[in-house]
Structures are given as structure tokens and as C-alpha cells.
Amino acid sequence: MSEITRMVVVLSLIAGFCSAALTLANVQLGPKIQEQTDFYVRGPALERLFNKPAKEVLKNKVIIPTETGDVPVFFTREGDKVSALAVEAVGKGGFGGDLKIMVGIDLINERQTGMEVVSHSETPGLGARIEEIAFRRQWNGLPIDEPIAVTADGGIIDSISGASTTSRAAVKGTNEVLDFIRLKKAEILQRIAKL
Amino acid sequence: MAQKFLPTLTAGLWKRIPPFRLVLGLCPSLAVTMSAENGLGMGVATGFVVMLSSGAISSMRNIIPAKVRIASYIVIIATLVSIVEILMKAYFFPLSEQLGIYIPLIVVNCIVLGRAEGFASKNPPFISMVDGLSVGTGYAISLTLIGSIREILGAGTWFGMPVFGEWFEPMSFLVTAPGAFVTIGTLLALQNLFSRWRGEKFIQG
């Protein structure tokens, strides 16, 4: 076997074997990672959105299939009635990639209860300030029947200074959630009732 | 082989303890040693990667063609690092959030590639793994030490437990980035002074 063929074959074999090992690890541990993310990231976010301990609400989860993928929706009950939803959405077009956010919807008062960031890869000190309460609390009590926008686009959300891309991504994600609720509210409630 | 075993096992703990003697792997040593816990976590993760990659590379040292050896090493190391990352996310989630980008960056840690090129590519698998274990343990000890100093003096705690009374005013300078340079520089100086006092041959670098 000539030297060059040998190099190609050996390198391909090593790469193939490594990919197999990685895939195996990812498939085996994927659910466990999901569980940990629920516990450490979604849990605290839900606690703030619903004002209830995470343990009670983490299990209240339905997955709604859409054309663009599955959307996880968390809910909480007031008596027998479903009182609030938390919808996870992807805010497309963040500065360092897509944001994953969660928007709380109060079904009784038809208001938003807040916006939480589940994961992001924004610049520390600029876009990463999206996690700060000063930015997020602007969502508290917004109506759910009209789309929101940043002030530069004629809306009411003050962008984080130096990070308008990130702010717009969060706004975009929120508007997707509002659309989603408008279209799928009946289906969500139906699925929750079936649980 | 037997006469090589003990020197190899202890070399990583003093003779070539990273990052002080090897002066490799300084980037994570500076960046993630804000606390003893972070230092230990990073050290153990790196040690695990060094040991397994040394073993894997050494057992394949006769198959890998010399011209593509670095590429092959990097593929093997990157796989091990990704597996460590997945394991940490699954079992030590808060720690993996703390260490963040520095876990994937173990791939380009010079210690790992240095031991692969300098030791594992010339020695049989078992002794290479012993070498990886020893260097990895040395690294974990060093990072824990740096982290402990910075955490105790900079925050007044050790592994999260308070060590001083109420009167202690933490030197928060030490837990910031410049504090890392000062701590590592001071430790490096002390270690060089000690080596010179003992009359050791100067083997840094």
C-alpha cells in the first residue's frame, strides 16, 4: 500500500471510530442532560414565571408539534383551570447564535408574566446582559394580543445598549410565542386536559 | 519497564509538575481558578483526558503514519474532550456551567498534546497511561492549590466553606484576572527559589 493511501485510510478509520464513540455517548446521555437542564435552567426560570416551586411545575409539560419543530410548553393550574403557560421559543438572529427563551403567559388576565433566557451564547458584558432583570422585567404585564418591538422600531422595549441585535432576537422570539398562542391555544388546552 | 515505573509515576508531581515546571496549560490555570472547586474540576477533567489520550495514542503509535500524527492525535483528543464535556453536563451540570468554554478548550491544551508527542508516541501504552495519570494528577493538584489560595484570600472561603471569622476583609483583587497572574507568578517564584536552594538542576521549560 502506498504511503498516501495508508495515511488516508488510517486517518479515516480513526475519525470514523471517534464519531461512533461520540454519537454513542450523546445518544446514551442525551436524556440525562435534558433532565439536568430542566432542573438547573428551566426550573429557576419557571419558578420566576409561575411564582411556584420548580418541583411542582417541571412535570407539567406538553410537547406541541409544529411545522418548524416541537415546542415544549409548561403550564400551571389555579384550582382546576389552567391559569398560566410558559412557552419555549427560539429567538432567531442573536449576535452569537440563536437564543432560547421562555415567555410566560397569564391566561386569566391575558397578560405576559415575563421573559426568561434558557440558553444563549452572547458576548459577556453586552448581549449577555439579556439575562439581567432590568431588561427582562420590561415583559411583565405586556398584552398578549399585539406584537412587541424595540423602541428603535417604534415599540416599547428598551434595547440593551450596544446589543440591539440580541434585544431584537428576544423580541422576535416573543412575537413567535404570541403567534403560537393565538393559533394553538385550543390545541394546547386540549392536550393538557388529556394528561 | 519496572525501573521506569516509579520515576514516571512521581515525575508529574514535582519534576515536571504542570503548569509550574512544564509552563504549559497556563490559559486555563489563569482563567478558571477563581475557586478551589473550579480548579479541582478543571484539573480532574484535564487529567482524565491526558491519561486516556496517552493510552490511546500510545497503543496506536505504530499504526499512525508519522506525517499525519498530529492530526490523528487531535482527533483522538477532541473525541475524549467531547465525551468529558457530555459526562460533565450529565452529572456535574453546575460545574460545567462554571467552567463553560474552558472544557472544550482542553483540546488545545498544550499539556495533552505535549505528553502525546513527547512521551506516548515513544512508549508502550501502560507506562504512557502512568505518565498521563501522574502529569494529570500534578495539574489537578496545582490548579486546586492556585484556586485555594485565590479563594481563601480573595473570598474568605474554601470549597464554599467560610474559613475566617466576620472580621476578615476579602482581597477581591485576587479573584479577578490580574490576581491570577500575581498568584501564579508568586508560586512560580517560590518554587524556583526552593529548587535553587535544594541545588536541583534547572529544568524549567
# chains A, B, ... in the order shown; residues from 1 in each chain; ligands from 1

$ closest_atom_pairs --of "chain B" --to "chain A" --cutoff "9 Å" --atoms "only C-alpha atoms" --output "tab-separated table"
residue	atom	partner	partner_atom	distance
B:Ile63	CA	A:Val10	CA	7.6
B:Ile64	CA	A:Val10	CA	6.6
B:Pro65	CA	A:Met7	CA	6.0
B:Ala66	CA	A:Met7	CA	8.9
B:Lys67	CA	A:Met7	CA	7.9
B:Val68	CA	A:Met7	CA	6.8
B:Arg69	CA	A:Leu11	CA	9.0
B:Ala71	CA	A:Leu11	CA	8.0
B:Ser72	CA	A:Leu11	CA	6.2
B:Val75	CA	A:Ala15	CA	6.5
B:Ile76	CA	A:Cys18	CA	6.8
B:Ala78	CA	A:Cys18	CA	8.9
B:Thr79	CA	A:Cys18	CA	5.9
B:Leu80	CA	A:Leu22	CA	8.5
B:Ser82	CA	A:Leu22	CA	7.3
B:Ile83	CA	A:Leu22	CA	6.5
B:Ile86	CA	A:Asn26	CA	7.0
B:Leu87	CA	A:Leu29	CA	7.5
B:Lys89	CA	A:Ile33	CA	5.9
B:Ala90	CA	A:Ile33	CA	4.5
B:Tyr91	CA	A:Gln36	CA	7.9
B:Phe92	CA	A:Gln36	CA	8.8
B:Phe93	CA	A:Gln36	CA	6.6
B:Pro94	CA	A:Tyr40	CA	7.6

$ select_by_dssp --residues "stretch 22-122 of chain A" --states "helix (DSSP H, G or I)" --output "number ranges by chain"
A: 22-50, 54-58

$ write_last_selection --atoms "N, CA and C atoms" --output "short mmCIF file (atom, residue, chain, number, x, y, z; two decimals), in the first residue's frame"
data_model
loop_
_atom_site.label_atom_id
_atom_site.label_comp_id
_atom_site.auth_asym_id
_atom_site.auth_seq_id
_atom_site.Cartn_x
_atom_site.Cartn_y
_atom_site.Cartn_z
N LEU A 22 -18.54 9.17 19.87
CA LEU A 22 -19.23 10.40 20.28
C LEU A 22 -20.74 10.26 20.15
N THR A 23 -21.17 9.68 19.02
CA THR A 23 -22.61 9.51 18.82
C THR A 23 -23.19 8.65 19.93
N LEU A 24 -22.47 7.58 20.25
CA LEU A 24 -22.94 6.68 21.31
C LEU A 24 -23.10 7.44 22.62
N ALA A 25 -22.06 8.23 22.98
CA ALA A 25 -22.11 8.97 24.24
C ALA A 25 -23.28 9.95 24.24
N ASN A 26 -23.47 10.62 23.11
CA ASN A 26 -24.53 11.62 23.02
C ASN A 26 -25.91 10.99 23.14
N VAL A 27 -26.10 9.86 22.45
CA VAL A 27 -27.40 9.19 22.49
C VAL A 27 -27.68 8.65 23.88
N GLN A 28 -26.63 8.04 24.48
CA GLN A 28 -26.82 7.44 25.80
C GLN A 28 -27.14 8.48 26.86
N LEU A 29 -26.42 9.63 26.81
CA LEU A 29 -26.53 10.59 27.90
C LEU A 29 -27.45 11.75 27.58
N GLY A 30 -27.98 11.82 26.35
CA GLY A 30 -28.85 12.93 25.96
C GLY A 30 -30.00 13.17 26.92
N PRO A 31 -30.80 12.13 27.24
CA PRO A 31 -31.92 12.34 28.15
C PRO A 31 -31.50 12.84 29.52
N LYS A 32 -30.35 12.34 29.99
CA LYS A 32 -29.84 12.76 31.31
C LYS A 32 -29.49 14.26 31.29
N ILE A 33 -28.87 14.71 30.18
CA ILE A 33 -28.51 16.12 30.06
C ILE A 33 -29.78 16.97 30.03
N GLN A 34 -30.78 16.49 29.31
CA GLN A 34 -32.07 17.19 29.22
C GLN A 34 -32.66 17.39 30.62
N GLU A 35 -32.58 16.30 31.41
CA GLU A 35 -33.12 16.32 32.76
C GLU A 35 -32.39 17.37 33.61
N GLN A 36 -31.05 17.39 33.46
CA GLN A 36 -30.25 18.34 34.25
C GLN A 36 -30.54 19.77 33.83
N THR A 37 -30.71 19.99 32.50
CA THR A 37 -31.04 21.34 32.04
C THR A 37 -32.38 21.76 32.60
N ASP A 38 -33.36 20.84 32.59
CA ASP A 38 -34.67 21.14 33.17
C ASP A 38 -34.50 21.59 34.61
N PHE A 39 -33.67 20.83 35.36
CA PHE A 39 -33.56 21.06 36.79
C PHE A 39 -32.86 22.38 37.10
N TYR A 40 -31.74 22.63 36.39
CA TYR A 40 -30.92 23.78 36.77
C TYR A 40 -31.25 25.05 36.00
N VAL A 41 -31.77 24.95 34.78
CA VAL A 41 -32.01 26.15 33.98
C VAL A 41 -33.49 26.46 33.85
N ARG A 42 -34.26 25.47 33.39
CA ARG A 42 -35.69 25.73 33.20
C ARG A 42 -36.39 25.87 34.54
N GLY A 43 -35.94 25.08 35.54
CA GLY A 43 -36.56 25.11 36.86
C GLY A 43 -36.63 26.51 37.44
N PRO A 44 -35.46 27.17 37.62
CA PRO A 44 -35.47 28.52 38.18
C PRO A 44 -36.27 29.50 37.33
N ALA A 45 -36.21 29.34 35.98
CA ALA A 45 -36.96 30.24 35.11
C ALA A 45 -38.46 30.08 35.37
N LEU A 46 -38.91 28.82 35.47
CA LEU A 46 -40.33 28.56 35.71
C LEU A 46 -40.77 29.08 37.08
N GLU A 47 -39.86 28.95 38.06
CA GLU A 47 -40.18 29.45 39.40
C GLU A 47 -40.53 30.92 39.34
N ARG A 48 -39.73 31.68 38.55
CA ARG A 48 -39.98 33.12 38.47
C ARG A 48 -41.23 33.42 37.65
N LEU A 49 -41.47 32.64 36.59
CA LEU A 49 -42.62 32.93 35.74
C LEU A 49 -43.94 32.58 36.42
N PHE A 50 -43.94 31.46 37.17
CA PHE A 50 -45.19 30.97 37.75
C PHE A 50 -45.34 31.31 39.22
N ALA A 54 -40.22 25.01 41.65
CA ALA A 54 -39.95 24.33 40.38
C ALA A 54 -40.43 22.90 40.39
N LYS A 55 -40.34 22.24 41.55
CA LYS A 55 -40.68 20.82 41.62
C LYS A 55 -42.13 20.58 41.18
N GLU A 56 -43.02 21.53 41.54
CA GLU A 56 -44.43 21.35 41.21
C GLU A 56 -44.70 21.48 39.71
N VAL A 57 -43.94 22.41 39.07
CA VAL A 57 -44.32 22.74 37.70
C VAL A 57 -43.49 22.05 36.62
N LEU A 58 -42.30 21.53 36.99
CA LEU A 58 -41.43 20.95 35.95
C LEU A 58 -42.07 19.78 35.24
#

$ residues_around --residues "A:Leu142" --least-positions-apart "2" --cutoff "6 Å" --atoms "only C-alpha atoms" --output "PyMOL selection string"
chain A and resi 111-112+139-140

$ residues_around --residues "stretch 159-171 of chain B" --least-positions-apart "6" --cutoff "12 Å" --atoms "only C-alpha atoms" --output "ChimeraX atom specification"
/B:33-41,144-145,147-153,179

$ write_last_selection --atoms "C-alpha atoms" --output "mmCIF file, in the first residue's frame"
data_model
loop_
_atom_site.group_PDB
_atom_site.id
_atom_site.type_symbol
_atom_site.label_atom_id
_atom_site.label_comp_id
_atom_site.auth_asym_id
_atom_site.auth_seq_id
_atom_site.Cartn_x
_atom_site.Cartn_y
_atom_site.Cartn_z
ATOM 1 C CA THR B 33 -9.029 29.068 39.213
ATOM 2 C CA MET B 34 -11.342 31.584 40.883
ATOM 3 C CA SER B 35 -12.229 28.915 43.415
ATOM 4 C CA ALA B 36 -10.742 25.657 44.666
ATOM 5 C CA GLU B 37 -13.730 23.724 43.336
ATOM 6 C CA ASN B 38 -13.329 25.066 39.803
ATOM 7 C CA GLY B 39 -9.602 24.349 39.892
ATOM 8 C CA LEU B 40 -10.148 20.783 41.038
ATOM 9 C CA GLY B 41 -12.864 20.178 38.440
ATOM 10 C CA THR B 144 -6.549 23.217 43.283
ATOM 11 C CA LEU B 145 -3.668 24.957 45.065
ATOM 12 C CA GLY B 147 -7.739 28.035 43.304
ATOM 13 C CA SER B 148 -7.484 27.567 47.078
ATOM 14 C CA ILE B 149 -5.100 30.489 47.522
ATOM 15 C CA ARG B 150 -7.249 32.767 45.407
ATOM 16 C CA GLU B 151 -10.485 31.658 47.043
ATOM 17 C CA ILE B 152 -9.237 31.759 50.653
ATOM 18 C CA LEU B 153 -7.611 35.176 50.381
ATOM 19 C CA GLY B 179 -4.995 38.249 40.742
#

$ residues_around --residues "B:Gly138" --least-positions-apart "6" --cutoff "7 Å" --atoms "only C-alpha atoms" --output "PyMOL selection string"
chain B and resi 12-13+17-18

$ atom_distance --atom1 "atom CA of B:Phe181" --atom2 "atom CA of B:Leu113"
23.8 Å

$ closest_residue --among "A:Val117, A:Leu13, A:Thr76, A:Ala170" --to "B:Met60" --atoms "only C-alpha atoms"
A:Leu13

$ atom_distance --atom1 "atom CA of A:Ser121" --atom2 "atom CA of A:Lys172"
16.7 Å

$ closest_residue --among "A:Leu99, A:Asp106, A:Glu132, A:Ile157" --to "A:Val118" --atoms "only C-alpha atoms"
A:Leu99

$ atom_distance --atom1 "atom CA of B:Asn192" --atom2 "atom CA of B:Arg115"
22.7 Å

$ residues_around --residues "B:Val50" --least-positions-apart "4" --cutoff "8 Å" --atoms "only C-alpha atoms" --output "PyMOL selection string"
chain B and resi 46+54+111-112+115+132-133+135-136

$ write_last_selection --atoms "C-alpha atoms" --output "mmCIF file, in the first residue's frame"
data_model
loop_
_atom_site.group_PDB
_atom_site.id
_atom_site.type_symbol
_atom_site.label_atom_id
_atom_site.label_comp_id
_atom_site.auth_asym_id
_atom_site.auth_seq_id
_atom_site.Cartn_x
_atom_site.Cartn_y
_atom_site.Cartn_z
ATOM 1 C CA THR B 46 -7.771 17.567 32.049
ATOM 2 C CA SER B 54 -1.859 8.966 26.179
ATOM 3 C CA ILE B 111 -0.107 19.588 28.145
ATOM 4 C CA VAL B 112 -2.267 16.985 26.419
ATOM 5 C CA ARG B 115 2.528 14.400 26.575
ATOM 6 C CA GLY B 132 -0.649 10.748 31.823
ATOM 7 C CA LEU B 133 -2.035 9.924 35.260
ATOM 8 C CA VAL B 135 1.000 14.659 34.934
ATOM 9 C CA GLY B 136 -2.797 14.929 35.212
#

$ residues_around --residues "A:Gly155" --least-positions-apart "2" --cutoff "12 Å" --atoms "only C-alpha atoms" --output "MDAnalysis selection string"
chainID A and resid 138 142 146:153 157:159 168 171

$ select_by_dssp --residues "stretch 4-117 of chain A" --states "strand (DSSP E or B)" --output "number ranges by chain"
A: 61-66, 69-78, 81-91, 99-106, 111-117

$ write_last_selection --atoms "C-alpha atoms" --output "compact mmCIF listing (two decimals), in the first residue's frame"
# COMPACT_ATOMS: atom_id res chain seq x y z
CA LYS A 61 -45.07 19.79 30.36
CA VAL A 62 -46.67 19.13 26.97
CA ILE A 63 -44.90 19.00 23.65
CA ILE A 64 -46.77 20.67 20.78
CA PRO A 65 -45.63 19.62 17.31
CA THR A 66 -45.44 22.40 14.70
CA GLY A 69 -40.28 21.51 15.25
CA ASP A 70 -41.58 20.50 18.66
CA VAL A 71 -42.36 23.30 21.12
CA PRO A 72 -42.22 22.50 24.85
CA VAL A 73 -44.99 24.20 26.82
CA PHE A 74 -45.14 24.24 30.62
CA PHE A 75 -48.36 25.01 32.45
CA THR A 76 -49.72 25.57 35.93
CA ARG A 77 -53.21 25.30 37.35
CA GLU A 78 -55.26 27.52 39.62
CA LYS A 81 -58.37 25.71 35.46
CA VAL A 82 -55.10 26.13 33.58
CA SER A 83 -54.01 29.58 34.70
CA ALA A 84 -50.61 30.19 33.08
CA LEU A 85 -48.41 28.82 30.33
CA ALA A 86 -44.69 29.12 29.72
CA VAL A 87 -43.75 28.62 26.09
CA GLU A 88 -40.22 27.99 24.98
CA ALA A 89 -39.13 29.66 21.76
CA VAL A 90 -36.05 30.24 19.69
CA GLY A 91 -35.12 33.90 19.21
CA LEU A 99 -31.31 32.46 21.81
CA LYS A 100 -33.53 30.05 23.64
CA ILE A 101 -36.12 31.95 25.64
CA MET A 102 -39.24 31.19 27.63
CA VAL A 103 -42.24 33.51 27.75
CA GLY A 104 -44.82 33.32 30.49
CA ILE A 105 -48.48 33.83 29.53
CA ASP A 106 -51.16 34.51 32.13
CA ARG A 111 -51.04 39.28 30.02
CA GLN A 112 -47.41 38.23 29.72
CA THR A 113 -45.82 37.35 33.04
CA GLY A 114 -42.21 37.69 31.93
CA MET A 115 -39.42 36.56 29.65
CA GLU A 116 -36.64 34.21 30.75
CA VAL A 117 -33.48 33.21 28.91

$ closest_residue --among "A:Gly154, A:Ala163, A:Ile108, A:Ile144" --to "A:Ala128" --atoms "only C-alpha atoms"
A:Ala163

$ closest_residue --among "B:Leu188, B:Ile106, B:Ile141, B:Leu174" --to "B:Gly25" --atoms "only C-alpha atoms"
B:Ile106
